[in-house]
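**Student:** Handing you a structure now.
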Amino acid sequence: MTYCDGVEIRGLKVRAHSESVKAASSDGIDIDSTRNVLVTGCDIECDDDAICLKSGRDADGLRVNRAN
(Lines give C-alpha, C1' and ligand atoms only; values in the text may rest on other atoms or scores of the structure.)
Protein backbone atom coordinates (compact mmCIF):
# COMPACT_ATOMS: atom_id res chain seq x y z
CA MET A 1 0.00 0.00 0.00
CA THR A 2 1.20 3.50 -0.79
CA TYR A 3 0.08 6.98 0.39
CA CYS A 4 -2.74 5.67 2.60
CA ASP A 5 -3.98 6.82 5.99
CA GLY A 6 -5.95 4.72 8.49
CA VAL A 7 -5.36 1.15 7.26
CA GLU A 8 -6.08 -2.03 9.22
CA ILE A 9 -4.75 -5.40 8.08
CA ARG A 10 -6.12 -8.26 10.16
CA GLY A 11 -5.90 -12.03 9.84
CA LEU A 12 -4.17 -11.98 6.47
CA LYS A 13 -2.39 -15.12 5.25
CA VAL A 14 0.53 -14.38 2.90
CA ARG A 15 2.71 -16.94 1.11
CA ALA A 16 5.38 -15.33 -1.09
CA HIS A 17 8.16 -17.77 -1.91
CA SER A 18 10.54 -16.64 -4.65
CA GLU A 19 11.18 -20.11 -6.07
CA SER A 20 7.53 -20.55 -7.08
CA VAL A 21 7.06 -16.98 -8.38
CA LYS A 22 10.56 -16.22 -9.75
CA ALA A 23 10.61 -12.86 -7.98
CA ALA A 24 13.77 -11.01 -7.02
CA SER A 25 12.16 -9.86 -3.79
CA SER A 26 9.14 -11.41 -2.14
CA ASP A 27 8.07 -9.22 0.78
CA GLY A 28 4.92 -10.12 2.65
CA ILE A 29 3.46 -6.64 3.22
CA ASP A 30 5.06 -3.38 1.98
CA ILE A 31 3.86 -0.24 3.73
CA ASP A 32 5.11 2.82 1.83
CA SER A 33 4.54 6.48 2.79
CA THR A 34 1.47 5.47 4.78
CA ARG A 35 0.23 6.66 8.18
CA ASN A 36 -1.87 5.11 10.96
CA VAL A 37 -1.44 1.45 10.00
CA LEU A 38 -2.40 -1.51 12.18
CA VAL A 39 -1.20 -5.00 11.24
CA THR A 40 -2.40 -7.75 13.58
CA GLY A 41 -2.99 -11.50 13.59
CA CYS A 42 -1.29 -12.07 10.22
CA ASP A 43 0.44 -15.31 9.12
CA ILE A 44 3.29 -14.39 6.76
CA GLU A 45 5.83 -16.71 5.09
CA CYS A 46 8.15 -15.17 2.52
CA ASP A 47 11.77 -15.17 1.37
CA ASP A 48 12.42 -11.51 2.20
CA ASP A 49 10.85 -9.04 4.66
CA ALA A 50 7.59 -10.12 6.29
CA ILE A 51 6.55 -6.49 6.91
CA CYS A 52 8.55 -3.73 5.26
CA LEU A 53 8.22 -0.02 6.12
CA LYS A 54 9.27 2.45 3.42
CA SER A 55 9.14 6.23 3.16
CA GLY A 56 8.92 7.07 -0.53
CA ARG A 57 11.37 6.46 -3.33
CA ASP A 58 13.38 8.57 -5.75
CA ALA A 59 11.43 10.94 -8.04
CA ASP A 60 8.02 9.70 -6.94
CA GLY A 61 8.84 10.29 -3.28
CA LEU A 62 10.10 13.76 -4.10
CA ARG A 63 7.04 14.50 -6.26
CA VAL A 64 4.68 13.97 -3.32
CA ASN A 65 7.17 15.37 -0.77
CA ARG A 66 7.64 12.02 0.98
CA ALA A 67 11.17 11.03 -0.01
CA ASN A 68 13.57 8.64 1.78
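Quick note on naming: the chains in the C-alpha coordinates go A, B, ... in the order shown, residues restart at 1 in each chain, and ligands are numbered from 1 in order of appearance.
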Among the residues of chain A, find those DSSP assigns to strand (DSSP E or B) from the backbone and print them as a list in words.
**Tutor:** Thr2, Asp5, Gly6, Val7, Glu8, Ile9, Arg10, Lys13, Val14, Arg15, Ala16, Ile29, Asp30, Ile31, Asp32, Arg35, Asn36, Val37, Leu38, Val39, Thr40, Asp43, Ile44, Glu45, Cys46, Ile51, Cys52, Leu53 and Lys54 of chain A
**Student:** I'd like to know which residues of chain A are alpha helix (DSSP H) (by DSSP, run on the backbone); could you write them as a list in words?
**Tutor:** Ser18, Glu19, Ser20, Val21, Asp58, Ala59, Asp60, Gly61, Leu62 and Arg63 of chain A
**Student:** Could you write out the selected residues, including N, CA and C atoms, as a PDB file, in the first residue's frame?
**Tutor:**
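The result, written out as result27.pdb:
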```pdb
ATOM      1  N   SER A  18       9.956 -17.050  -3.370  1.00  0.00           N
ATOM      2  CA  SER A  18      10.538 -16.644  -4.654  1.00  0.00           C
ATOM      3  C   SER A  18      10.738 -17.801  -5.617  1.00  0.00           C
ATOM      4  N   GLU A  19      10.945 -19.009  -5.129  1.00  0.00           N
ATOM      5  CA  GLU A  19      11.178 -20.106  -6.070  1.00  0.00           C
ATOM      6  C   GLU A  19       9.923 -20.462  -6.867  1.00  0.00           C
ATOM      7  N   SER A  20       8.759 -20.240  -6.336  1.00  0.00           N
ATOM      8  CA  SER A  20       7.532 -20.551  -7.085  1.00  0.00           C
ATOM      9  C   SER A  20       7.063 -19.390  -7.962  1.00  0.00           C
ATOM     10  N   VAL A  21       7.509 -18.167  -7.652  1.00  0.00           N
ATOM     11  CA  VAL A  21       7.064 -16.979  -8.375  1.00  0.00           C
ATOM     12  C   VAL A  21       8.166 -16.425  -9.276  1.00  0.00           C
ATOM     13  N   ASP A  58      12.866   7.828  -4.605  1.00  0.00           N
ATOM     14  CA  ASP A  58      13.379   8.573  -5.752  1.00  0.00           C
ATOM     15  C   ASP A  58      12.441   9.704  -6.191  1.00  0.00           C
ATOM     16  N   ALA A  59      12.220   9.825  -7.483  1.00  0.00           N
ATOM     17  CA  ALA A  59      11.434  10.938  -8.038  1.00  0.00           C
ATOM     18  C   ALA A  59       9.992  10.929  -7.547  1.00  0.00           C
ATOM     19  N   ASP A  60       9.403   9.746  -7.399  1.00  0.00           N
ATOM     20  CA  ASP A  60       8.016   9.697  -6.941  1.00  0.00           C
ATOM     21  C   ASP A  60       7.908  10.186  -5.504  1.00  0.00           C
ATOM     22  N   GLY A  61       8.835   9.795  -4.644  1.00  0.00           N
ATOM     23  CA  GLY A  61       8.842  10.289  -3.276  1.00  0.00           C
ATOM     24  C   GLY A  61       9.021  11.790  -3.201  1.00  0.00           C
ATOM     25  N   LEU A  62       9.888  12.308  -4.044  1.00  0.00           N
ATOM     26  CA  LEU A  62      10.103  13.760  -4.096  1.00  0.00           C
ATOM     27  C   LEU A  62       8.880  14.481  -4.650  1.00  0.00           C
ATOM     28  N   ARG A  63       8.215  13.882  -5.641  1.00  0.00           N
ATOM     29  CA  ARG A  63       7.041  14.501  -6.262  1.00  0.00           C
ATOM     30  C   ARG A  63       5.943  14.767  -5.243  1.00  0.00           C
TER      31      ARG A  63
END
```
**Student:** What lies within 10 Å of Met1 in chain A using only C-alpha atoms, ignoring chain neighbours under 3 positions off, as a ChimeraX atom specification?
**Tutor:** /A:4-5,7,29-34
**Student:** Got time to write the residues from that selection, N, CA, C and O atoms, as a PDB file, in the first residue's frame?
**Tutor:**
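Final output, result.pdb:
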```pdb
ATOM      1  N   CYS A   4      -1.451   5.909   1.946  1.00  0.00           N
ATOM      2  CA  CYS A   4      -2.744   5.667   2.604  1.00  0.00           C
ATOM      3  C   CYS A   4      -2.706   6.246   4.019  1.00  0.00           C
ATOM      4  O   CYS A   4      -1.653   6.530   4.568  1.00  0.00           O
ATOM      5  N   ASP A   5      -3.868   6.368   4.613  1.00  0.00           N
ATOM      6  CA  ASP A   5      -3.978   6.823   5.991  1.00  0.00           C
ATOM      7  C   ASP A   5      -5.142   6.072   6.629  1.00  0.00           C
ATOM      8  O   ASP A   5      -6.238   6.039   6.076  1.00  0.00           O
ATOM      9  N   VAL A   7      -5.209   2.491   7.845  1.00  0.00           N
ATOM     10  CA  VAL A   7      -5.358   1.152   7.258  1.00  0.00           C
ATOM     11  C   VAL A   7      -5.263   0.103   8.355  1.00  0.00           C
ATOM     12  O   VAL A   7      -4.395   0.185   9.227  1.00  0.00           O
ATOM     13  N   ILE A  29       4.260  -7.861   3.256  1.00  0.00           N
ATOM     14  CA  ILE A  29       3.461  -6.636   3.217  1.00  0.00           C
ATOM     15  C   ILE A  29       4.420  -5.453   3.139  1.00  0.00           C
ATOM     16  O   ILE A  29       5.301  -5.306   3.982  1.00  0.00           O
ATOM     17  N   ASP A  30       4.276  -4.612   2.106  1.00  0.00           N
ATOM     18  CA  ASP A  30       5.059  -3.385   1.979  1.00  0.00           C
ATOM     19  C   ASP A  30       4.169  -2.194   2.327  1.00  0.00           C
ATOM     20  O   ASP A  30       3.129  -1.998   1.707  1.00  0.00           O
ATOM     21  N   ILE A  31       4.588  -1.434   3.307  1.00  0.00           N
ATOM     22  CA  ILE A  31       3.857  -0.238   3.728  1.00  0.00           C
ATOM     23  C   ILE A  31       4.730   0.959   3.367  1.00  0.00           C
ATOM     24  O   ILE A  31       5.799   1.149   3.939  1.00  0.00           O
ATOM     25  N   ASP A  32       4.284   1.752   2.390  1.00  0.00           N
ATOM     26  CA  ASP A  32       5.111   2.823   1.829  1.00  0.00           C
ATOM     27  C   ASP A  32       4.409   4.172   1.965  1.00  0.00           C
ATOM     28  O   ASP A  32       3.306   4.356   1.467  1.00  0.00           O
ATOM     29  N   SER A  33       5.059   5.106   2.642  1.00  0.00           N
ATOM     30  CA  SER A  33       4.542   6.476   2.793  1.00  0.00           C
ATOM     31  C   SER A  33       3.104   6.487   3.290  1.00  0.00           C
ATOM     32  O   SER A  33       2.260   7.206   2.786  1.00  0.00           O
ATOM     33  N   THR A  34       2.827   5.669   4.264  1.00  0.00           N
ATOM     34  CA  THR A  34       1.468   5.470   4.775  1.00  0.00           C
ATOM     35  C   THR A  34       1.457   5.748   6.271  1.00  0.00           C
ATOM     36  O   THR A  34       2.416   5.476   6.969  1.00  0.00           O
TER      37      THR A  34
END
```
**Student:** So which residues touch Val39 in chain A within 7 Å, counting only C-alpha atoms, skipping near sequence neighbours fewer than 4 positions away, as a ChimeraX atom specification?
**Tutor:** /A:8-10
**Student:** Ranking A:Leu38, A:Leu53, A:Cys46, A:Val64 by minimum distance to Ser25 in chain A and counting only C-alpha atoms, which one comes first?
**Tutor:** A:Cys46
**Student:** Quick one, how far is CA of Glu45 in chain A from CA of Arg15 in chain A?
**Tutor:** 5.1 Å
**Student:** Restricting the calculation to only C-alpha atoms: of A:Asp27, A:His17, A:Leu12, A:Gly6, which residue gets closest to Cys52 in chain A?
**Tutor:**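 Looking at the shortest contact to Cys52 in chain A, the residue is A:Asp27.
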**Student:** Calculated over only C-alpha atoms, which of the candidates A:Gly11, A:Tyr3, A:Asn65, A:Gly56 has the smallest distance to Gly41 in chain A?
**Tutor:**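 Of A:Gly11, A:Tyr3, A:Asn65, A:Gly56, the one nearest Gly41 in chain A is A:Gly11, counting only C-alpha atoms.
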